[in-house]
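Structure data (TSV, C-alpha atoms) from target_31.tsv:
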```tsv
chain	number	residue	atom	x	y	z
A	173	MET	CA	-12.99	-9.48	-20.36
A	174	ASP	CA	-13.29	-12.75	-22.22
A	175	ALA	CA	-13.90	-15.40	-19.58
A	176	THR	CA	-11.94	-18.01	-21.55
A	177	SER	CA	-8.64	-16.13	-21.68
A	178	SER	CA	-6.47	-15.05	-18.80
A	179	VAL	CA	-4.08	-12.12	-18.74
A	180	GLU	CA	-1.16	-14.42	-19.55
A	181	ASP	CA	-3.03	-15.74	-22.60
A	182	ARG	CA	-3.74	-12.21	-23.85
A	183	VAL	CA	-0.43	-10.56	-23.05
A	184	THR	CA	3.06	-11.94	-23.56
A	185	GLY	CA	5.88	-10.81	-21.33
A	186	VAL	CA	4.09	-11.18	-17.98
A	187	PRO	CA	6.65	-12.88	-15.71
A	188	ALA	CA	5.59	-16.27	-14.37
A	189	GLN	CA	5.91	-15.07	-10.76
A	190	LEU	CA	3.40	-12.27	-11.43
A	191	GLN	CA	1.09	-14.54	-13.44
A	192	ALA	CA	0.97	-16.99	-10.55
A	193	LEU	CA	0.18	-14.25	-8.03
A	194	LEU	CA	-2.62	-12.78	-10.13
A	195	ALA	CA	-4.09	-16.25	-10.68
A	196	ARG	CA	-3.88	-17.09	-6.96
A	197	LEU	CA	-5.70	-13.83	-6.14
A	198	ASP	CA	-8.25	-14.46	-8.93
A	199	ILE	CA	-7.34	-11.16	-10.59
A	200	ASP	CA	-7.73	-11.05	-14.36
A	201	PRO	CA	-7.50	-7.36	-15.27
A	202	PRO	CA	-8.21	-5.78	-18.63
A	203	SER	CA	-4.95	-5.40	-20.53
A	204	VAL	CA	-3.45	-4.20	-23.76
A	205	ALA	CA	-0.36	-5.47	-25.53
A	206	HIS	CA	1.71	-2.88	-27.39
A	207	PRO	CA	5.18	-2.27	-28.76
A	208	ALA	CA	7.84	-1.53	-26.16
A	209	VAL	CA	7.32	1.92	-24.65
A	210	HIS	CA	9.93	3.86	-22.71
A	211	SER	CA	7.98	6.91	-21.57
A	212	VAL	CA	4.48	8.07	-20.72
A	213	GLU	CA	4.38	9.90	-24.05
A	214	ASP	CA	5.22	6.68	-25.94
A	215	ALA	CA	2.48	4.78	-24.10
A	216	LEU	CA	-0.38	7.29	-24.41
A	217	PRO	CA	-1.75	6.04	-27.75
A	218	TYR	CA	-2.05	2.50	-26.35
A	219	TRP	CA	-3.43	3.51	-22.98
A	220	ALA	CA	-6.45	5.10	-24.65
A	221	ALA	CA	-7.91	1.59	-24.84
A	222	LEU	CA	-7.70	1.09	-21.07
A	223	GLU	CA	-9.80	2.61	-18.33
A	224	GLY	CA	-7.92	3.94	-15.36
A	225	ALA	CA	-5.63	6.61	-14.00
A	226	HIS	CA	-2.41	6.38	-15.97
A	227	THR	CA	0.81	6.44	-14.01
A	228	LYS	CA	4.46	7.28	-14.05
A	229	ASN	CA	6.94	5.61	-11.74
A	230	LEU	CA	10.17	6.83	-10.21
A	231	PHE	CA	12.94	4.58	-8.91
A	232	LEU	CA	14.79	6.69	-6.36
A	233	LYS	CA	17.50	6.40	-3.75
A	234	ASP	CA	18.38	8.75	-0.94
A	235	ALA	CA	21.70	9.91	0.48
A	236	LYS	CA	21.79	6.97	2.91
A	237	GLY	CA	21.12	4.39	0.16
A	238	ALA	CA	17.44	3.74	0.94
A	239	LEU	CA	15.49	2.79	-2.19
A	240	PHE	CA	12.00	3.95	-3.19
A	241	LEU	CA	9.46	3.25	-5.89
A	242	VAL	CA	7.11	6.23	-6.18
A	243	THR	CA	3.97	5.89	-8.30
A	244	LEU	CA	2.25	9.09	-9.42
A	245	PRO	CA	-0.43	10.21	-11.85
A	246	MET	CA	1.21	10.58	-15.26
A	247	ASP	CA	0.78	14.35	-15.30
A	248	ARG	CA	2.08	15.04	-11.76
A	249	LYS	CA	4.97	17.48	-11.67
A	250	VAL	CA	7.46	16.49	-8.97
A	251	ASP	CA	9.88	18.64	-7.02
A	252	MET	CA	12.43	16.14	-5.72
A	253	LYS	CA	13.37	18.39	-2.79
A	254	ALA	CA	9.72	18.57	-1.71
A	255	LEU	CA	9.17	14.85	-2.30
A	256	ALA	CA	12.08	13.74	-0.09
A	257	PRO	CA	10.53	14.60	3.30
A	258	MET	CA	7.15	13.28	2.14
A	259	ILE	CA	8.68	9.79	1.89
A	260	GLY	CA	11.03	10.12	4.84
A	261	ALA	CA	14.15	10.63	2.77
A	262	LYS	CA	16.93	13.14	2.34
A	263	ARG	CA	18.43	14.25	-0.96
A	264	LEU	CA	16.80	12.02	-3.54
A	265	SER	CA	18.38	10.96	-6.80
A	266	PHE	CA	17.40	8.46	-9.45
A	267	GLY	CA	18.55	4.89	-8.94
A	268	SER	CA	20.51	3.34	-11.79
A	269	ALA	CA	18.99	0.95	-14.31
A	270	GLU	CA	21.30	-1.78	-13.02
A	271	LEU	CA	20.16	-1.25	-9.43
A	272	MET	CA	16.50	-1.27	-10.50
A	273	GLU	CA	16.96	-4.52	-12.36
A	274	SER	CA	18.83	-6.16	-9.49
A	275	CYS	CA	16.24	-5.08	-6.88
A	276	LEU	CA	13.01	-5.26	-8.84
A	277	GLY	CA	13.72	-7.46	-11.86
A	278	THR	CA	12.51	-4.60	-14.02
A	279	ARG	CA	14.17	-2.56	-16.74
A	280	PRO	CA	13.57	1.17	-17.27
A	281	GLY	CA	10.27	1.78	-19.02
A	282	ALA	CA	8.62	-1.22	-17.36
A	283	LEU	CA	8.66	-0.07	-13.72
A	284	GLY	CA	5.47	-0.02	-11.69
A	285	PRO	CA	3.85	-1.26	-8.50
A	286	LEU	CA	3.77	-4.82	-9.82
A	287	SER	CA	7.59	-4.76	-9.93
A	288	LEU	CA	7.48	-5.11	-6.14
A	289	VAL	CA	6.60	-8.78	-6.67
A	290	ALA	CA	10.31	-9.30	-7.38
A	291	ASP	CA	11.37	-7.75	-4.05
A	292	PRO	CA	10.49	-10.32	-1.38
A	293	GLY	CA	13.05	-8.80	1.02
A	294	HIS	CA	11.34	-5.40	0.79
A	295	ALA	CA	14.56	-3.54	-0.06
A	296	VAL	CA	12.47	-0.96	-1.93
A	297	ARG	CA	9.91	1.18	-0.09
A	298	PHE	CA	6.71	1.92	-2.01
A	299	ALA	CA	4.98	5.30	-2.04
A	300	ILE	CA	1.85	6.08	-4.02
A	301	ASP	CA	0.08	9.35	-4.69
A	302	ALA	CA	-3.22	9.40	-2.75
A	303	ALA	CA	-4.91	10.74	-5.90
A	304	LEU	CA	-4.36	7.33	-7.54
A	305	LEU	CA	-6.01	5.52	-4.66
A	306	ALA	CA	-9.05	7.76	-5.14
A	307	ALA	CA	-9.34	6.65	-8.77
A	308	GLY	CA	-11.46	3.64	-9.62
A	309	ARG	CA	-8.72	1.96	-11.63
A	310	VAL	CA	-4.97	2.35	-12.07
A	311	THR	CA	-2.93	1.29	-15.07
A	312	CYS	CA	0.54	-0.23	-14.77
A	313	HIS	CA	3.03	-2.39	-16.61
A	314	PRO	CA	3.31	-6.05	-15.58
A	315	MET	CA	7.11	-5.74	-15.17
A	316	ASP	CA	7.36	-5.56	-18.96
A	317	ASN	CA	6.93	-2.49	-21.13
A	318	THR	CA	5.13	-4.34	-23.94
A	319	ALA	CA	1.88	-4.51	-22.00
A	320	THR	CA	-0.27	-2.45	-19.66
A	321	LEU	CA	-2.86	-3.73	-17.18
A	322	SER	CA	-5.81	-1.89	-15.65
A	323	LEU	CA	-6.26	-2.89	-12.02
A	324	SER	CA	-9.05	-1.71	-9.79
A	325	VAL	CA	-7.69	0.07	-6.74
A	326	GLU	CA	-8.96	-2.85	-4.64
A	327	GLU	CA	-7.10	-5.34	-6.85
A	328	LEU	CA	-3.91	-3.30	-6.49
A	329	LYS	CA	-4.36	-3.24	-2.71
A	330	ARG	CA	-4.87	-7.04	-2.71
A	331	VAL	CA	-1.67	-7.57	-4.69
A	332	LEU	CA	0.30	-5.32	-2.35
A	333	ALA	CA	-1.13	-7.05	0.73
A	334	ALA	CA	-0.32	-10.48	-0.72
A	335	ILE	CA	3.34	-9.54	-1.13
A	336	GLY	CA	3.52	-7.83	2.26
A	337	VAL	CA	3.84	-4.25	1.01
A	338	GLU	CA	2.24	-1.46	3.01
A	339	PRO	CA	2.23	1.57	0.71
A	340	LEU	CA	3.10	5.01	1.99
A	341	MET	CA	0.36	7.39	0.87
A	342	ILE	CA	1.63	10.77	-0.25
A	343	THR	CA	-0.52	13.82	-0.86
A	344	PHE	CA	0.59	16.76	-2.93
A	345	PRO	CA	-0.76	20.25	-2.31
A	346	ASP	CA	-2.84	21.59	-5.18
```
Starting from the file, lay out its structure as structure tokens.
Amino acid sequence: MDATSSVEDRVTGVPAQLQALLARLDIDPPSVAHPAVHSVEDALPYWAALEGAHTKNLFLKDAKGALFLVTLPMDRKVDMKALAPMIGAKRLSFGSAELMESCLGTRPGALGPLSLVADPGHAVRFAIDAALLAAGRVTCHPMDNTATLSLSVEELKRVLAAIGVEPLMITFPD
């Protein structure tokens, strides 16, 4: 990465709160700016320029109203009935766009682990596929779907620790 430009100089749309956290943690990840993407398929051509395990993210709620952000490898097939007990939930459904925006300050298409920066009250529980933590790098949106960052797993762990999030590791059978 060019030592004279920070992620906020290279990529527009990174919320100030996230910029400040990354700067405080001295994290300046490789990034790519791109047109707005709303699905993994839309993003694939742009992600080719970034090293890392590419992700998909699910904003879920259970029958009791508990909220979850689940981050998975982009190609992971998910059985919601099987996922529920893995994250300590019952009967999962997708949370609404309005609920996601109110809890995580993120619109559909821009969701990812960095969205947890906007949840200081920890209303949303975070679960991540253990396969991602075994990767060297993980890509994610910076709360905006016009950019993608490539964080090392250690950088991601530092961000989560700084915001007080202890991820739940989930492992899927092969």
Measuring between only C-alpha atoms, which one of A:Leu230, A:Ala261, A:Ala290, A:Leu222 shows the shortest distance to Pro201 of chain A?
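Of the candidates, the smallest distance to Pro201 of chain A is held by A:Leu222.
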Contact table segment 190-284 of chain A vs segment 301-317 of chain A, cut-off 10 Å, shortest pair per residue, only C-alpha atoms, as a tab-separated table:
```
residue	atom	partner	partner_atom	distance
A:Leu190	CA	A:Pro314	CA	7.5
A:Gln191	CA	A:Pro314	CA	9.0
A:Pro201	CA	A:Thr311	CA	9.8
A:Pro202	CA	A:Thr311	CA	9.5
A:Ser203	CA	A:Thr311	CA	8.9
A:Val204	CA	A:His313	CA	9.8
A:Ala205	CA	A:Asn317	CA	9.0
A:His206	CA	A:Asn317	CA	8.2
A:Pro207	CA	A:Asn317	CA	7.8
A:Ala208	CA	A:Asn317	CA	5.2
A:Val209	CA	A:Asn317	CA	5.7
A:His210	CA	A:Asn317	CA	7.2
A:Ser211	CA	A:Asn317	CA	9.5
A:Ala215	CA	A:Asn317	CA	9.0
A:Trp219	CA	A:Thr311	CA	8.2
A:Leu222	CA	A:Thr311	CA	7.7
A:Glu223	CA	A:Arg309	CA	6.8
A:Gly224	CA	A:Arg309	CA	4.3
A:Ala225	CA	A:Val310	CA	4.7
A:His226	CA	A:Thr311	CA	5.2
A:Thr227	CA	A:Thr311	CA	6.5
A:Lys228	CA	A:Cys312	CA	8.5
A:Asn229	CA	A:Cys312	CA	9.2
A:Val242	CA	A:Asp301	CA	7.8
A:Thr243	CA	A:Asp301	CA	6.3
A:Leu244	CA	A:Asp301	CA	5.2
A:Pro245	CA	A:Leu304	CA	6.5
A:Arg248	CA	A:Asp301	CA	9.3
A:Leu276	CA	A:Met315	CA	8.7
A:Gly277	CA	A:Met315	CA	7.6
A:Thr278	CA	A:Met315	CA	5.6
A:Arg279	CA	A:Asp316	CA	7.8
A:Pro280	CA	A:Asn317	CA	8.5
A:Gly281	CA	A:Asn317	CA	5.8
A:Ala282	CA	A:Asn317	CA	4.3
A:Leu283	CA	A:Met315	CA	6.1
A:Gly284	CA	A:Cys312	CA	5.8
```
Between atom CA of Ser322 of chain A and atom CA of Asp291 of chain A, what is the spacing in Å?
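Atom CA of Ser322 of chain A lies at a distance of 21.5 Å from atom CA of Asp291 of chain A.
Picture a line from atom CA of Phe266 of chain A to atom CA of Val325 of chain A; it runs 26.6 Å.
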A straight line from atom CA of Lys236 of chain A to atom CA of Ala256 of chain A spans 12.2 Å
Would you mind completing segment 323-343 of chain A to N, CA, C and O atoms and writing the output as an mmCIF file, in the frame of the given file?
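As a result, out_26.cif now contains:
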```cif
data_model
loop_
_atom_site.group_PDB
_atom_site.id
_atom_site.type_symbol
_atom_site.label_atom_id
_atom_site.label_comp_id
_atom_site.auth_asym_id
_atom_site.auth_seq_id
_atom_site.Cartn_x
_atom_site.Cartn_y
_atom_site.Cartn_z
ATOM 1 N N LEU A 323 -5.823 -2.271 -13.277
ATOM 2 C CA LEU A 323 -6.260 -2.890 -12.020
ATOM 3 C C LEU A 323 -7.217 -1.957 -11.293
ATOM 4 O O LEU A 323 -6.993 -0.734 -11.258
ATOM 5 N N SER A 324 -8.250 -2.533 -10.687
ATOM 6 C CA SER A 324 -9.050 -1.710 -9.790
ATOM 7 C C SER A 324 -8.163 -1.374 -8.597
ATOM 8 O O SER A 324 -7.185 -2.085 -8.308
ATOM 9 N N VAL A 325 -8.477 -0.301 -7.912
ATOM 10 C CA VAL A 325 -7.690 0.070 -6.740
ATOM 11 C C VAL A 325 -7.731 -1.070 -5.725
ATOM 12 O O VAL A 325 -6.716 -1.388 -5.090
ATOM 13 N N GLU A 326 -8.860 -1.720 -5.578
ATOM 14 C CA GLU A 326 -8.960 -2.850 -4.640
ATOM 15 C C GLU A 326 -8.067 -4.010 -5.063
ATOM 16 O O GLU A 326 -7.448 -4.657 -4.221
ATOM 17 N N GLU A 327 -7.991 -4.276 -6.380
ATOM 18 C CA GLU A 327 -7.100 -5.340 -6.850
ATOM 19 C C GLU A 327 -5.642 -4.979 -6.558
ATOM 20 O O GLU A 327 -4.869 -5.836 -6.118
ATOM 21 N N LEU A 328 -5.278 -3.734 -6.797
ATOM 22 C CA LEU A 328 -3.910 -3.300 -6.490
ATOM 23 C C LEU A 328 -3.614 -3.474 -5.010
ATOM 24 O O LEU A 328 -2.561 -3.990 -4.625
ATOM 25 N N LYS A 329 -4.555 -3.083 -4.158
ATOM 26 C CA LYS A 329 -4.360 -3.240 -2.710
ATOM 27 C C LYS A 329 -4.221 -4.712 -2.338
ATOM 28 O O LYS A 329 -3.414 -5.062 -1.463
ATOM 29 N N ARG A 330 -4.970 -5.595 -2.985
ATOM 30 C CA ARG A 330 -4.870 -7.040 -2.710
ATOM 31 C C ARG A 330 -3.507 -7.579 -3.105
ATOM 32 O O ARG A 330 -2.917 -8.400 -2.392
ATOM 33 N N VAL A 331 -2.996 -7.143 -4.254
ATOM 34 C CA VAL A 331 -1.670 -7.570 -4.690
ATOM 35 C C VAL A 331 -0.623 -7.117 -3.682
ATOM 36 O O VAL A 331 0.226 -7.906 -3.244
ATOM 37 N N LEU A 332 -0.676 -5.851 -3.307
ATOM 38 C CA LEU A 332 0.300 -5.320 -2.350
ATOM 39 C C LEU A 332 0.225 -6.065 -1.017
ATOM 40 O O LEU A 332 1.259 -6.414 -0.438
ATOM 41 N N ALA A 333 -0.980 -6.323 -0.536
ATOM 42 C CA ALA A 333 -1.130 -7.050 0.730
ATOM 43 C C ALA A 333 -0.563 -8.466 0.613
ATOM 44 O O ALA A 333 0.093 -8.954 1.539
ATOM 45 N N ALA A 334 -0.786 -9.110 -0.526
ATOM 46 C CA ALA A 334 -0.320 -10.480 -0.720
ATOM 47 C C ALA A 334 1.203 -10.577 -0.717
ATOM 48 O O ALA A 334 1.756 -11.614 -0.344
ATOM 49 N N ILE A 335 1.878 -9.514 -1.118
ATOM 50 C CA ILE A 335 3.340 -9.540 -1.130
ATOM 51 C C ILE A 335 3.938 -8.809 0.077
ATOM 52 O O ILE A 335 5.140 -8.613 0.163
ATOM 53 N N GLY A 336 3.063 -8.417 1.010
ATOM 54 C CA GLY A 336 3.520 -7.830 2.260
ATOM 55 C C GLY A 336 3.991 -6.388 2.154
ATOM 56 O O GLY A 336 4.833 -5.958 2.940
ATOM 57 N N VAL A 337 3.455 -5.644 1.204
ATOM 58 C CA VAL A 337 3.840 -4.250 1.010
ATOM 59 C C VAL A 337 2.751 -3.333 1.543
ATOM 60 O O VAL A 337 1.596 -3.413 1.120
ATOM 61 N N GLU A 338 3.133 -2.489 2.471
ATOM 62 C CA GLU A 338 2.240 -1.460 3.010
ATOM 63 C C GLU A 338 2.648 -0.146 2.349
ATOM 64 O O GLU A 338 3.699 0.412 2.663
ATOM 65 N N PRO A 339 1.829 0.343 1.407
ATOM 66 C CA PRO A 339 2.230 1.570 0.710
ATOM 67 C C PRO A 339 2.179 2.805 1.611
ATOM 68 O O PRO A 339 1.340 2.912 2.491
ATOM 69 N N LEU A 340 3.110 3.703 1.351
ATOM 70 C CA LEU A 340 3.100 5.010 1.990
ATOM 71 C C LEU A 340 2.280 5.913 1.099
ATOM 72 O O LEU A 340 2.599 6.068 -0.086
ATOM 73 N N MET A 341 1.192 6.485 1.632
ATOM 74 C CA MET A 341 0.360 7.390 0.870
ATOM 75 C C MET A 341 0.956 8.787 0.941
ATOM 76 O O MET A 341 1.254 9.260 2.030
ATOM 77 N N ILE A 342 1.126 9.407 -0.219
ATOM 78 C CA ILE A 342 1.630 10.770 -0.250
ATOM 79 C C ILE A 342 0.588 11.675 -0.894
ATOM 80 O O ILE A 342 -0.106 11.261 -1.816
ATOM 81 N N THR A 343 0.461 12.861 -0.349
ATOM 82 C CA THR A 343 -0.520 13.820 -0.860
ATOM 83 C C THR A 343 0.222 15.097 -1.237
ATOM 84 O O THR A 343 0.989 15.637 -0.445
#
```
